[in-house]
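Novice: Okay, handing you the structure first.
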Amino acid sequence: MLSVRDLVVRFSTGRGVVHAVNGVSLDVEPGGTLGLVGESGSGKSVTSLAIMRLLPRGGRVVSGQVWFGGRDLLRLSAAEMRSVRGREIAMILQDPQSSLNPVLPVGEQIEEAIRAHERVSRPAARARAVELLGAVGIARPEEQLGRFPHQLSGGMRQRVMIAIALALRPTLLIADEPTTALDVTVQAQVLELLRDLTDEVGAAVVLISHDLGIMARMAGRIAVMYAGRVVESAPTEELFARPRHPYTVGLLRSIPRIGGARRALVPIEGSPPDLERLPEGCPFAPRCAWRIEACWTQNPSLATDDGPAHLVACHDPAEPEEVGPGRPIRPGFAPAPPPGIRAGVA
Amino acid sequence: MGRLIARRLAFMVFVVWGVTLVTFFLSRVVPGDPAKLLAGPKASPTEVAHIRRIYGLDDPLWTQYGRYMADLLHGNLGVSFVTRREVTTDVRAFLPATLELAGYSLLLGFLAALVVGTVAGYRRGSALDAGGRLMAIAGLSVPAFWLALLLQLLLHTRLGWFPLGGRLDAGVAAPPRLTGILTLDSLLTLHLHAFVNALWHLALPVLTLAAGVFGLMTRIVRTSILEVVGEDYVRTAQGKGLTRWRVLRRHVLRNAMLPAVTVLGLEFGLLASGVFVVEAVFQWPGLGNYAFQAIQASDYNATLGATLVIAIAYVLTNLVVDLAYLYLDPRIRYT
């Protein structure tokens, strides 16, 4: 239903050009949940905003397509795109504190979402808003309509955001870190609500998070992003059981597990590349223990591996027995040194 | 809300007291002897002394101040040495003209700033933005007296499009006085000819005063638009599929207005000082002109009275601004 192809997004800043998204391809099945994982700056949020065509100032889509319902969203007129937003694709942002307008009552903020797309009277829109607030688990919804965002708790605000997003039963919901700003106990409730309601509405979900625990519970499929590209994509269980990309391996080793064997958390060494000056080869190569010579010169493209559902962009993927130790276990293997250094030695 | 109003009105008593204290003593320290002016150039020293005694000007300053404050408590502002009328009568005669001038200036400056500031903020970095900012700086930095003279020179002397000064042409009958605000009175009594003529006379002085209001306000509006446009709730609103106009009106402007309204109270202070100059240049029969002449003639009571009225108006304006803020920002209303 949603098919992103080779999306490239750049930002012009005062200092230079930031290569935020560099050829992302994604597919979301109807009713499915795709998890987008990656550290800050990996291009998750920018990808989702590019799909909605709501990139902030300075950002533009350089190339690529966003197929949705048989149309390339990037080619729609502004008015056509407006009728897609909210009605077919809805969005939930990270921070419910800042994503609701502080000076308008929440009732109006729900009603306007309905009235943007349907010719209904204000009382009818109001009745729908009450119904929606009830559906997201807010007690005494009639009384809440006139309240302002600052009078509600963080969890309540995010429920209001969910009510707004699902008001028109969209076929796709983009949720960008929907629980990051919430208390841990509230997180679980909101996630559950989100899953139940999207199931009920039949909406597909693009869930953005850096929390692999949330992904394991919510996503049917996970796409791992690094430096503006998808480096690995697989069904959730498959990804956790048999990660292939060294970056994914590193991510999995860096999360704590309650009740699991006591082991030290292993950070991924080094830091992500400067998006203003991307290297020629694989952007993960400088941090990678598996790198071979080709990694310094060619950026690998996303290709099938281990069956048609598992995609990975890597010249030298990790073998299953290498996932535990977190490094290649092959006789005589050493990570290839950068080309410049090798030349110096010779 | 009632408590806020009560507190502000109580506060006003102290403001008025402070203003009387400063103005009273300042006006007497400044050289100039009203008794001499009243007696005329040929009066003998005995006559001057006599006048001084009649008006109590030979009493110690503290005694004079005590007498003035006692009168003030009874709503009596004393008699003007120049017009020989009660200062309250004079204020009632001159205040409406000033209110009319200041009101239109504030309105025009604010609306123009809202439009220009919004466009500049939305199109940041564009030619429109550069033009808007240039206009704002010009409005802020051009002195009122200079702009007034320039407008008179160009639009009156050269082109003859607007009158030089005054509130109405000599041949035009003034509408019956209801409020003293000519445009309002003429509309209420259907004197349309007087209405048009009054607007025509208002144009240049209003333009002069509005320029200053516009300059400061445009900068405030532009900055706060820039800030609000990047907010998450604006993206939420766009994500709902709202029209650009609705996003602008309900989400961007509604929030960007808050700082602008705060500054509106300060603008009034700026306006009050501009009024003196502009009324003098355009021979506008308002309170500023009245006060200007009173100061020149060492007309103590008139100076003090006019200053008091302006101070009270300032406090009241800021009260209204605070009430507007209360209405616009629910976060303050419910805490």
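We name chains A, B, ... following the order of the structure tokens; residues begin at 1 in each chain, and ligands are numbered from 1 as shown.
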Output as JSON lines one row per residue of chain B within 12 Å of chain A: the closest atom pair and its distance in Å to one decimal place, counting only C-alpha atoms, sorted by chain and residue number ascending.

Specialist:
{"residue": "B:Gly121", "atom": "CA", "partner": "A:Arg57", "partner_atom": "CA", "distance": 12.0}
{"residue": "B:Tyr122", "atom": "CA", "partner": "A:Arg57", "partner_atom": "CA", "distance": 10.2}
{"residue": "B:Arg123", "atom": "CA", "partner": "A:Arg57", "partner_atom": "CA", "distance": 10.4}
{"residue": "B:Arg124", "atom": "CA", "partner": "A:Arg57", "partner_atom": "CA", "distance": 9.7}
{"residue": "B:Gly125", "atom": "CA", "partner": "A:Arg57", "partner_atom": "CA", "distance": 11.3}
{"residue": "B:Leu226", "atom": "CA", "partner": "A:Arg57", "partner_atom": "CA", "distance": 10.7}
{"residue": "B:Val228", "atom": "CA", "partner": "A:Asn101", "partner_atom": "CA", "distance": 10.4}
{"residue": "B:Val229", "atom": "CA", "partner": "A:Pro56", "partner_atom": "CA", "distance": 9.4}
{"residue": "B:Gly230", "atom": "CA", "partner": "A:Pro56", "partner_atom": "CA", "distance": 7.5}
{"residue": "B:Glu231", "atom": "CA", "partner": "A:Ser98", "partner_atom": "CA", "distance": 7.2}
{"residue": "B:Asp232", "atom": "CA", "partner": "A:Ser99", "partner_atom": "CA", "distance": 4.6}
{"residue": "B:Tyr233", "atom": "CA", "partner": "A:Ser99", "partner_atom": "CA", "distance": 4.0}
{"residue": "B:Val234", "atom": "CA", "partner": "A:Asn101", "partner_atom": "CA", "distance": 7.6}
{"residue": "B:Arg235", "atom": "CA", "partner": "A:Leu54", "partner_atom": "CA", "distance": 7.2}
{"residue": "B:Thr236", "atom": "CA", "partner": "A:Ser99", "partner_atom": "CA", "distance": 6.1}
{"residue": "B:Ala237", "atom": "CA", "partner": "A:Ala113", "partner_atom": "CA", "distance": 8.1}
{"residue": "B:Gln238", "atom": "CA", "partner": "A:Leu54", "partner_atom": "CA", "distance": 7.7}
{"residue": "B:Gly239", "atom": "CA", "partner": "A:Arg85", "partner_atom": "CA", "distance": 5.4}
{"residue": "B:Lys240", "atom": "CA", "partner": "A:Gly86", "partner_atom": "CA", "distance": 4.1}
{"residue": "B:Gly241", "atom": "CA", "partner": "A:Arg82", "partner_atom": "CA", "distance": 4.6}
{"residue": "B:Leu242", "atom": "CA", "partner": "A:Ala116", "partner_atom": "CA", "distance": 5.5}
{"residue": "B:Thr243", "atom": "CA", "partner": "A:Arg82", "partner_atom": "CA", "distance": 7.4}
{"residue": "B:Arg244", "atom": "CA", "partner": "A:Arg82", "partner_atom": "CA", "distance": 9.4}
{"residue": "B:Trp245", "atom": "CA", "partner": "A:Ala116", "partner_atom": "CA", "distance": 11.9}
{"residue": "B:Arg246", "atom": "CA", "partner": "A:Ala116", "partner_atom": "CA", "distance": 9.5}
{"residue": "B:Val247", "atom": "CA", "partner": "A:Glu112", "partner_atom": "CA", "distance": 10.5}
{"residue": "B:Arg249", "atom": "CA", "partner": "A:Leu104", "partner_atom": "CA", "distance": 11.9}
{"residue": "B:Arg250", "atom": "CA", "partner": "A:Leu104", "partner_atom": "CA", "distance": 8.3}
{"residue": "B:His251", "atom": "CA", "partner": "A:Asn101", "partner_atom": "CA", "distance": 6.7}
{"residue": "B:Val252", "atom": "CA", "partner": "A:Asn101", "partner_atom": "CA", "distance": 9.3}
{"residue": "B:Leu253", "atom": "CA", "partner": "A:Val103", "partner_atom": "CA", "distance": 10.9}
{"residue": "B:Arg254", "atom": "CA", "partner": "A:Val103", "partner_atom": "CA", "distance": 7.5}
{"residue": "B:Asn255", "atom": "CA", "partner": "A:Val103", "partner_atom": "CA", "distance": 7.1}
{"residue": "B:Ala256", "atom": "CA", "partner": "A:Val103", "partner_atom": "CA", "distance": 10.8}
{"residue": "B:Met257", "atom": "CA", "partner": "A:Val103", "partner_atom": "CA", "distance": 11.1}
{"residue": "B:Leu258", "atom": "CA", "partner": "A:Val103", "partner_atom": "CA", "distance": 10.1}
{"residue": "B:Tyr325", "atom": "CA", "partner": "A:Val103", "partner_atom": "CA", "distance": 11.2}
{"residue": "B:Leu326", "atom": "CA", "partner": "A:Val103", "partner_atom": "CA", "distance": 10.9}
{"residue": "B:Tyr327", "atom": "CA", "partner": "A:Val103", "partner_atom": "CA", "distance": 9.8}
{"residue": "B:Leu328", "atom": "CA", "partner": "A:Val103", "partner_atom": "CA", "distance": 7.2}
{"residue": "B:Asp329", "atom": "CA", "partner": "A:Val103", "partner_atom": "CA", "distance": 5.7}
{"residue": "B:Pro330", "atom": "CA", "partner": "A:Val103", "partner_atom": "CA", "distance": 5.8}
{"residue": "B:Arg331", "atom": "CA", "partner": "A:His150", "partner_atom": "CA", "distance": 6.7}
{"residue": "B:Ile332", "atom": "CA", "partner": "A:Val103", "partner_atom": "CA", "distance": 10.1}
{"residue": "B:Arg333", "atom": "CA", "partner": "A:Val103", "partner_atom": "CA", "distance": 10.5}
{"residue": "B:Tyr334", "atom": "CA", "partner": "A:Gln151", "partner_atom": "CA", "distance": 8.5}
{"residue": "B:Thr335", "atom": "CA", "partner": "A:Gln151", "partner_atom": "CA", "distance": 9.5}

Novice: Skip segment 59-69 of chain B itself and residues of its chain fewer than 5 positions away, then list as a PyMOL selection string all residues within 12 Å of it, counting only C-alpha atoms.

Specialist: chain B and resi 16-29+49+52-54+74-79+300-301+304-305

Novice: Selection from above, N, CA and C atoms, as a JSON list (two decimals), in the first residue's frame, can you write it?

Specialist:
[["chain", "number", "residue", "atom", "x", "y", "z"],
["B", 16, "VAL", "N", -0.61, 57.37, 40.04],
["B", 16, "VAL", "CA", -1.07, 58.75, 39.94],
["B", 16, "VAL", "C", -0.36, 59.61, 40.97],
["B", 17, "TRP", "N", -0.22, 59.07, 42.16],
["B", 17, "TRP", "CA", 0.46, 59.82, 43.21],
["B", 17, "TRP", "C", 1.92, 60.10, 42.81],
["B", 18, "GLY", "N", 2.58, 59.08, 42.30],
["B", 18, "GLY", "CA", 3.97, 59.25, 41.86],
["B", 18, "GLY", "C", 4.09, 60.29, 40.77],
["B", 19, "VAL", "N", 3.16, 60.24, 39.84],
["B", 19, "VAL", "CA", 3.20, 61.19, 38.73],
["B", 19, "VAL", "C", 3.00, 62.62, 39.22],
["B", 20, "THR", "N", 2.06, 62.81, 40.14],
["B", 20, "THR", "CA", 1.84, 64.17, 40.66],
["B", 20, "THR", "C", 3.09, 64.68, 41.34],
["B", 21, "LEU", "N", 3.70, 63.81, 42.14],
["B", 21, "LEU", "CA", 4.89, 64.20, 42.90],
["B", 21, "LEU", "C", 5.99, 64.68, 41.96],
["B", 22, "VAL", "N", 6.30, 63.85, 40.97],
["B", 22, "VAL", "CA", 7.39, 64.18, 40.05],
["B", 22, "VAL", "C", 7.04, 65.41, 39.22],
["B", 23, "THR", "N", 5.86, 65.41, 38.62],
["B", 23, "THR", "CA", 5.49, 66.50, 37.73],
["B", 23, "THR", "C", 5.38, 67.82, 38.48],
["B", 24, "PHE", "N", 4.78, 67.74, 39.67],
["B", 24, "PHE", "CA", 4.56, 68.97, 40.44],
["B", 24, "PHE", "C", 5.88, 69.68, 40.72],
["B", 25, "PHE", "N", 6.83, 68.91, 41.28],
["B", 25, "PHE", "CA", 8.08, 69.56, 41.69],
["B", 25, "PHE", "C", 8.96, 69.90, 40.48],
["B", 26, "LEU", "N", 8.90, 69.03, 39.48],
["B", 26, "LEU", "CA", 9.70, 69.28, 38.29],
["B", 26, "LEU", "C", 9.25, 70.57, 37.61],
["B", 27, "SER", "N", 7.93, 70.76, 37.51],
["B", 27, "SER", "CA", 7.43, 71.93, 36.78],
["B", 27, "SER", "C", 7.77, 73.22, 37.53],
["B", 28, "ARG", "N", 7.94, 73.13, 38.86],
["B", 28, "ARG", "CA", 8.27, 74.36, 39.60],
["B", 28, "ARG", "C", 9.76, 74.64, 39.62],
["B", 29, "VAL", "N", 10.54, 73.62, 39.41],
["B", 29, "VAL", "CA", 11.99, 73.82, 39.39],
["B", 29, "VAL", "C", 12.41, 74.49, 38.09],
["B", 49, "ALA", "N", 3.31, 90.50, 42.56],
["B", 49, "ALA", "CA", 3.26, 89.90, 43.89],
["B", 49, "ALA", "C", 1.81, 89.63, 44.29],
["B", 52, "ARG", "N", 0.66, 86.64, 42.54],
["B", 52, "ARG", "CA", 1.29, 85.46, 43.12],
["B", 52, "ARG", "C", 0.54, 85.04, 44.39],
["B", 53, "ARG", "N", 0.10, 86.04, 45.16],
["B", 53, "ARG", "CA", -0.60, 85.76, 46.42],
["B", 53, "ARG", "C", -1.98, 85.16, 46.14],
["B", 54, "ILE", "N", -2.67, 85.73, 45.16],
["B", 54, "ILE", "CA", -4.01, 85.22, 44.82],
["B", 54, "ILE", "C", -3.97, 83.73, 44.51],
["B", 74, "HIS", "N", -10.86, 65.63, 45.37],
["B", 74, "HIS", "CA", -12.24, 66.01, 45.07],
["B", 74, "HIS", "C", -12.49, 66.09, 43.56],
["B", 75, "GLY", "N", -11.54, 65.61, 42.80],
["B", 75, "GLY", "CA", -11.71, 65.62, 41.35],
["B", 75, "GLY", "C", -11.49, 66.99, 40.75],
["B", 76, "ASN", "N", -10.82, 67.85, 41.49],
["B", 76, "ASN", "CA", -10.60, 69.21, 41.02],
["B", 76, "ASN", "C", -9.15, 69.38, 40.60],
["B", 77, "LEU", "N", -8.94, 69.68, 39.33],
["B", 77, "LEU", "CA", -7.57, 69.80, 38.83],
["B", 77, "LEU", "C", -7.08, 71.25, 38.82],
["B", 78, "GLY", "N", -7.88, 72.13, 39.40],
["B", 78, "GLY", "CA", -7.47, 73.52, 39.43],
["B", 78, "GLY", "C", -7.83, 74.26, 38.16],
["B", 79, "VAL", "N", -7.38, 75.51, 38.09],
["B", 79, "VAL", "CA", -7.71, 76.37, 36.96],
["B", 79, "VAL", "C", -6.45, 76.60, 36.12],
["B", 300, "TYR", "N", 1.13, 75.62, 35.51],
["B", 300, "TYR", "CA", 1.32, 74.42, 36.34],
["B", 300, "TYR", "C", 0.13, 73.47, 36.35],
["B", 301, "ASN", "N", -1.04, 74.00, 36.61],
["B", 301, "ASN", "CA", -2.21, 73.13, 36.76],
["B", 301, "ASN", "C", -2.52, 72.37, 35.48],
["B", 304, "LEU", "N", 0.12, 69.61, 34.86],
["B", 304, "LEU", "CA", -0.09, 68.50, 35.77],
["B", 304, "LEU", "C", -1.33, 67.69, 35.39],
["B", 305, "GLY", "N", -2.38, 68.41, 35.04],
["B", 305, "GLY", "CA", -3.64, 67.74, 34.68],
["B", 305, "GLY", "C", -3.47, 66.86, 33.46]]

Novice: Interatomic distance between atom CA of Asn22 of chain A and atom CA of Gly220 of chain A?

Specialist: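 It comes out at 24.4 Å.
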
Novice: Between B:Leu319, B:Leu184, B:Val221, B:Leu266, single out the one closest to Leu99 of chain B, counting only C-alpha atoms.

Specialist: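 Checking each of B:Leu319, B:Leu184, B:Val221, B:Leu266 against Leu99 of chain B, counting only C-alpha atoms, the winner is B:Leu184.
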
Novice: Excluding Asp305 of chain A and residues on its chain fewer than 6 positions from it, collect all residues at most 12 Å away from it, counting only C-alpha atoms, and give them as a ChimeraX atom specification.

Specialist: /A:232-234,238-239,242-245,311-319

Novice: For Val24 of chain A, please output as a ChimeraX atom specification all residues within 8 Å (counting only C-alpha atoms; exclusion window: fewer than 6 positions along the same chain).

Specialist: /A:4-8,47,228-230

Novice: Could you pull the residues within 12 Å of Gln144 of chain A, counting only C-alpha atoms, minus those fewer than 3 positions along the same chain, as an MDAnalysis selection string?

Specialist: chainID A and resid 105:110 126 129:134 137:141 147:152 156:157 160

Novice: Could those selected residues go to a file with N, CA and C atoms, as a tab-separated table (two decimals), in the first residue's frame?

Specialist:
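File selection_2.tsv, as written:
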chain	number	residue	atom	x	y	z
A	105	PRO	N	-8.96	24.75	22.69
A	105	PRO	CA	-9.48	23.61	23.44
A	105	PRO	C	-9.31	22.32	22.63
A	106	VAL	N	-9.08	21.21	23.31
A	106	VAL	CA	-8.81	19.96	22.59
A	106	VAL	C	-9.99	19.55	21.72
A	107	GLY	N	-11.20	19.89	22.17
A	107	GLY	CA	-12.38	19.54	21.37
A	107	GLY	C	-12.29	20.14	19.97
A	108	GLU	N	-11.92	21.42	19.92
A	108	GLU	CA	-11.83	22.09	18.63
A	108	GLU	C	-10.75	21.44	17.76
A	109	GLN	N	-9.66	21.01	18.42
A	109	GLN	CA	-8.56	20.43	17.65
A	109	GLN	C	-8.94	19.08	17.05
A	110	ILE	N	-9.86	18.38	17.69
A	110	ILE	CA	-10.34	17.13	17.10
A	110	ILE	C	-11.37	17.45	16.01
A	126	ARG	N	-18.80	17.60	16.90
A	126	ARG	CA	-18.62	17.56	18.35
A	126	ARG	C	-18.97	16.18	18.91
A	129	ALA	N	-16.28	13.86	18.15
A	129	ALA	CA	-15.12	14.09	19.01
A	129	ALA	C	-15.32	13.41	20.37
A	130	VAL	N	-16.54	13.53	20.90
A	130	VAL	CA	-16.84	12.88	22.19
A	130	VAL	C	-16.63	11.38	22.07
A	131	GLU	N	-17.17	10.83	20.98
A	131	GLU	CA	-17.05	9.40	20.73
A	131	GLU	C	-15.57	8.98	20.66
A	132	LEU	N	-14.79	9.78	19.93
A	132	LEU	CA	-13.37	9.46	19.76
A	132	LEU	C	-12.61	9.51	21.09
A	133	LEU	N	-12.93	10.54	21.88
A	133	LEU	CA	-12.25	10.65	23.18
A	133	LEU	C	-12.59	9.45	24.05
A	134	GLY	N	-13.85	9.00	23.96
A	134	GLY	CA	-14.23	7.79	24.69
A	134	GLY	C	-13.44	6.60	24.20
A	137	GLY	N	-10.09	6.09	25.52
A	137	GLY	CA	-10.01	5.80	26.95
A	137	GLY	C	-9.94	7.02	27.84
A	138	ILE	N	-10.56	8.10	27.41
A	138	ILE	CA	-10.59	9.29	28.27
A	138	ILE	C	-11.95	9.34	28.96
A	139	ALA	N	-11.92	9.42	30.27
A	139	ALA	CA	-13.15	9.40	31.05
A	139	ALA	C	-13.92	10.70	30.90
A	140	ARG	N	-15.22	10.66	30.98
A	140	ARG	CA	-16.11	11.83	30.85
A	140	ARG	C	-15.71	12.71	29.67
A	141	PRO	N	-15.75	12.16	28.48
A	141	PRO	CA	-15.25	12.90	27.31
A	141	PRO	C	-15.93	14.25	27.08
A	147	ARG	N	-11.46	21.58	27.52
A	147	ARG	CA	-10.21	21.77	28.26
A	147	ARG	C	-9.05	22.06	27.31
A	148	PHE	N	-8.00	22.65	27.89
A	148	PHE	CA	-6.83	23.00	27.09
A	148	PHE	C	-5.71	22.00	27.34
A	149	PRO	N	-4.81	21.86	26.38
A	149	PRO	CA	-3.74	20.84	26.51
A	149	PRO	C	-3.01	20.88	27.85
A	150	HIS	N	-2.73	22.10	28.37
A	150	HIS	CA	-1.94	22.14	29.60
A	150	HIS	C	-2.69	21.59	30.80
A	151	GLN	N	-4.00	21.41	30.65
A	151	GLN	CA	-4.78	20.87	31.76
A	151	GLN	C	-4.80	19.34	31.76
A	152	LEU	N	-4.20	18.74	30.73
A	152	LEU	CA	-4.20	17.28	30.63
A	152	LEU	C	-2.81	16.73	30.90
A	156	MET	N	-2.69	11.62	28.60
A	156	MET	CA	-3.99	12.07	28.08
A	156	MET	C	-3.81	12.81	26.77
A	157	ARG	N	-2.79	13.66	26.72
A	157	ARG	CA	-2.54	14.42	25.51
A	157	ARG	C	-2.23	13.49	24.35
A	160	VAL	N	-5.29	12.10	23.09
A	160	VAL	CA	-5.99	13.07	22.23
A	160	VAL	C	-5.38	13.05	20.83

Novice: Assign secondary structure with DSSP using the backbone only, and return the residues of segment 41-140 of chain A in helix (DSSP H, G or I) as number ranges by chain.

Specialist: A: 44-52, 73-75, 78-84, 96-99, 106-115, 122-135

Novice: Show which residues sit within 8 Å of segment 190-192 of chain A, as a list in words. Count only C-alpha atoms, and ignore same-chain residues fewer than 6 positions away.

Specialist: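 Everything that qualifies: Gly155, Gln158, Arg159, Thr179 and Met218 of chain A.
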
Novice: Keeping only N, CA and C atoms, write the selected residues to a file as a PDB file, in the first residue's frame.

Specialist:
ATOM      1  N   GLY A 155       0.044  11.545  29.106  1.00  0.00           N
ATOM      2  CA  GLY A 155      -0.614  10.367  28.543  1.00  0.00           C
ATOM      3  C   GLY A 155      -1.961  10.726  27.917  1.00  0.00           C
ATOM      4  N   GLN A 158      -1.431  12.469  24.607  1.00  0.00           N
ATOM      5  CA  GLN A 158      -1.100  11.566  23.515  1.00  0.00           C
ATOM      6  C   GLN A 158      -2.348  10.780  23.097  1.00  0.00           C
ATOM      7  N   ARG A 159      -3.252  10.524  24.045  1.00  0.00           N
ATOM      8  CA  ARG A 159      -4.516   9.878  23.667  1.00  0.00           C
ATOM      9  C   ARG A 159      -5.329  10.801  22.767  1.00  0.00           C
ATOM     10  N   THR A 179       5.743   7.305  22.157  1.00  0.00           N
ATOM     11  CA  THR A 179       5.709   7.148  23.614  1.00  0.00           C
ATOM     12  C   THR A 179       6.998   7.618  24.289  1.00  0.00           C
ATOM     13  N   MET A 218       5.524  -4.452  18.848  1.00  0.00           N
ATOM     14  CA  MET A 218       4.543  -3.813  17.980  1.00  0.00           C
ATOM     15  C   MET A 218       4.695  -4.152  16.490  1.00  0.00           C
TER      16      MET A 218
END

Novice: Work out how far apart atom CA of Pro331 of chain A and atom CA of Pro246 of chain A are and give it in Å to one decimal.

Specialist: 18.4 Å

Novice: Hey, which of B:Ala127, B:Leu4, B:Val281, B:Val13 ends up closest to Thr208 of chain B? Count only C-alpha atoms.

Specialist: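 Closest to Thr208 of chain B, using only C-alpha atoms: B:Val281.
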
Novice: So the first atom is atom CA of Leu37 of chain B and the second is atom CA of Ala294 of chain B; what is the distance between them in Å, to one decimal place?

Specialist: 12.0 Å

Novice: Find the spatial neighbours of Asp90 of chain B, counting only C-alpha atoms, within a cut-off of 9 Å - ignore same-chain residues fewer than 6 positions away - and output them as a list in words.

Specialist: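 Once the adjacent positions are removed, what remains is Ser80, Thr83, Leu287, Tyr290 and Ala302 of chain B.
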
Novice: With segment 186-196 of chain B as the partner and 10 Å as the cut-off, tabulate the residues of segment 160-182 of chain B that qualify, each row holding the nearest pair of atoms and their distance in Å to one decimal, using only C-alpha atoms, sorted by chain and rising number, as JSON lines.

Specialist:
{"residue": "B:Arg167", "atom": "CA", "partner": "B:Ala194", "partner_atom": "CA", "distance": 10.0}
{"residue": "B:Leu168", "atom": "CA", "partner": "B:Ala194", "partner_atom": "CA", "distance": 7.5}
{"residue": "B:Asp169", "atom": "CA", "partner": "B:Ala194", "partner_atom": "CA", "distance": 8.9}
{"residue": "B:Val172", "atom": "CA", "partner": "B:Ala194", "partner_atom": "CA", "distance": 6.4}
{"residue": "B:Ala173", "atom": "CA", "partner": "B:Ala194", "partner_atom": "CA", "distance": 6.9}
{"residue": "B:Ala174", "atom": "CA", "partner": "B:Ala194", "partner_atom": "CA", "distance": 6.5}
{"residue": "B:Pro175", "atom": "CA", "partner": "B:Ser186", "partner_atom": "CA", "distance": 5.2}
{"residue": "B:Pro176", "atom": "CA", "partner": "B:Thr189", "partner_atom": "CA", "distance": 7.5}
{"residue": "B:Arg177", "atom": "CA", "partner": "B:Ser186", "partner_atom": "CA", "distance": 8.8}
{"residue": "B:Leu178", "atom": "CA", "partner": "B:Leu188", "partner_atom": "CA", "distance": 8.8}
{"residue": "B:Gly180", "atom": "CA", "partner": "B:Ser186", "partner_atom": "CA", "distance": 9.8}
{"residue": "B:Ile181", "atom": "CA", "partner": "B:Ser186", "partner_atom": "CA", "distance": 8.5}
{"residue": "B:Leu182", "atom": "CA", "partner": "B:Ser186", "partner_atom": "CA", "distance": 5.9}

Novice: Go ahead and write the residues just picked, C-alpha atoms, as a PDB file, in the first residue's frame.

Specialist:
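selection-v7.pdb was written with the following content:
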ATOM      1  CA  ARG B 167      -9.467  68.375  12.405  1.00  0.00           C
ATOM      2  CA  LEU B 168     -11.963  69.788   9.886  1.00  0.00           C
ATOM      3  CA  ASP B 169     -11.949  72.269   7.040  1.00  0.00           C
ATOM      4  CA  VAL B 172     -17.355  72.077   7.180  1.00  0.00           C
ATOM      5  CA  ALA B 173     -19.881  72.075   9.997  1.00  0.00           C
ATOM      6  CA  ALA B 174     -18.844  69.921  12.930  1.00  0.00           C
ATOM      7  CA  PRO B 175     -21.322  67.206  13.866  1.00  0.00           C
ATOM      8  CA  PRO B 176     -23.164  67.556  17.182  1.00  0.00           C
ATOM      9  CA  ARG B 177     -20.810  66.614  19.995  1.00  0.00           C
ATOM     10  CA  LEU B 178     -21.615  63.235  21.487  1.00  0.00           C
ATOM     11  CA  GLY B 180     -15.963  64.454  20.843  1.00  0.00           C
ATOM     12  CA  ILE B 181     -14.494  61.840  18.512  1.00  0.00           C
ATOM     13  CA  LEU B 182     -15.365  63.427  15.181  1.00  0.00           C
TER      14      LEU B 182
END

Novice: Looking only at the backbone, which of the residues in segment 96-329 of chain A does DSSP tag as strand (DSSP E or B), as a list in words?

Specialist: Leu172, Leu173, Ile174, Ala175, Asp176, Ala204, Val205, Val206, Leu207, Ile208, Arg221, Ile222, Ala223, Val224, Met225, Tyr226, Arg229, Val230, Val231, Glu232, Ser233, Ala234, Pro235, Ala303, Thr304, Leu311 and Val312 of chain A

Novice: Take the residues just selected and output them with C-alpha atoms as a short mmCIF file (atom, residue, chain, number, x, y, z; two decimals), in the first residue's frame.

Specialist:
data_model
loop_
_atom_site.label_atom_id
_atom_site.label_comp_id
_atom_site.auth_asym_id
_atom_site.auth_seq_id
_atom_site.Cartn_x
_atom_site.Cartn_y
_atom_site.Cartn_z
CA LEU A 172 -1.91 4.57 7.14
CA LEU A 173 -0.73 5.96 10.44
CA ILE A 174 2.77 7.33 10.90
CA ALA A 175 3.72 7.33 14.57
CA ASP A 176 7.04 9.04 15.26
CA ALA A 204 -1.26 0.12 8.50
CA VAL A 205 1.35 1.68 10.78
CA VAL A 206 4.81 3.06 10.29
CA LEU A 207 6.21 3.10 13.81
CA ILE A 208 9.38 5.07 14.37
CA ARG A 221 8.57 -6.06 10.17
CA ILE A 222 11.55 -3.92 11.05
CA ALA A 223 13.70 -1.72 8.87
CA VAL A 224 17.00 -0.61 10.39
CA MET A 225 18.28 2.76 9.22
CA TYR A 226 21.79 4.15 9.32
CA ARG A 229 19.64 4.48 4.35
CA VAL A 230 17.90 1.24 5.17
CA VAL A 231 20.71 -1.21 5.96
CA GLU A 232 18.59 -4.20 6.91
CA SER A 233 14.95 -5.11 6.71
CA ALA A 234 13.30 -8.33 7.88
CA PRO A 235 10.27 -9.75 9.68
CA ALA A 303 19.47 -7.03 -1.59
CA THR A 304 17.76 -10.23 -0.53
CA LEU A 311 17.01 -7.68 2.92
CA VAL A 312 20.45 -6.49 3.85
#
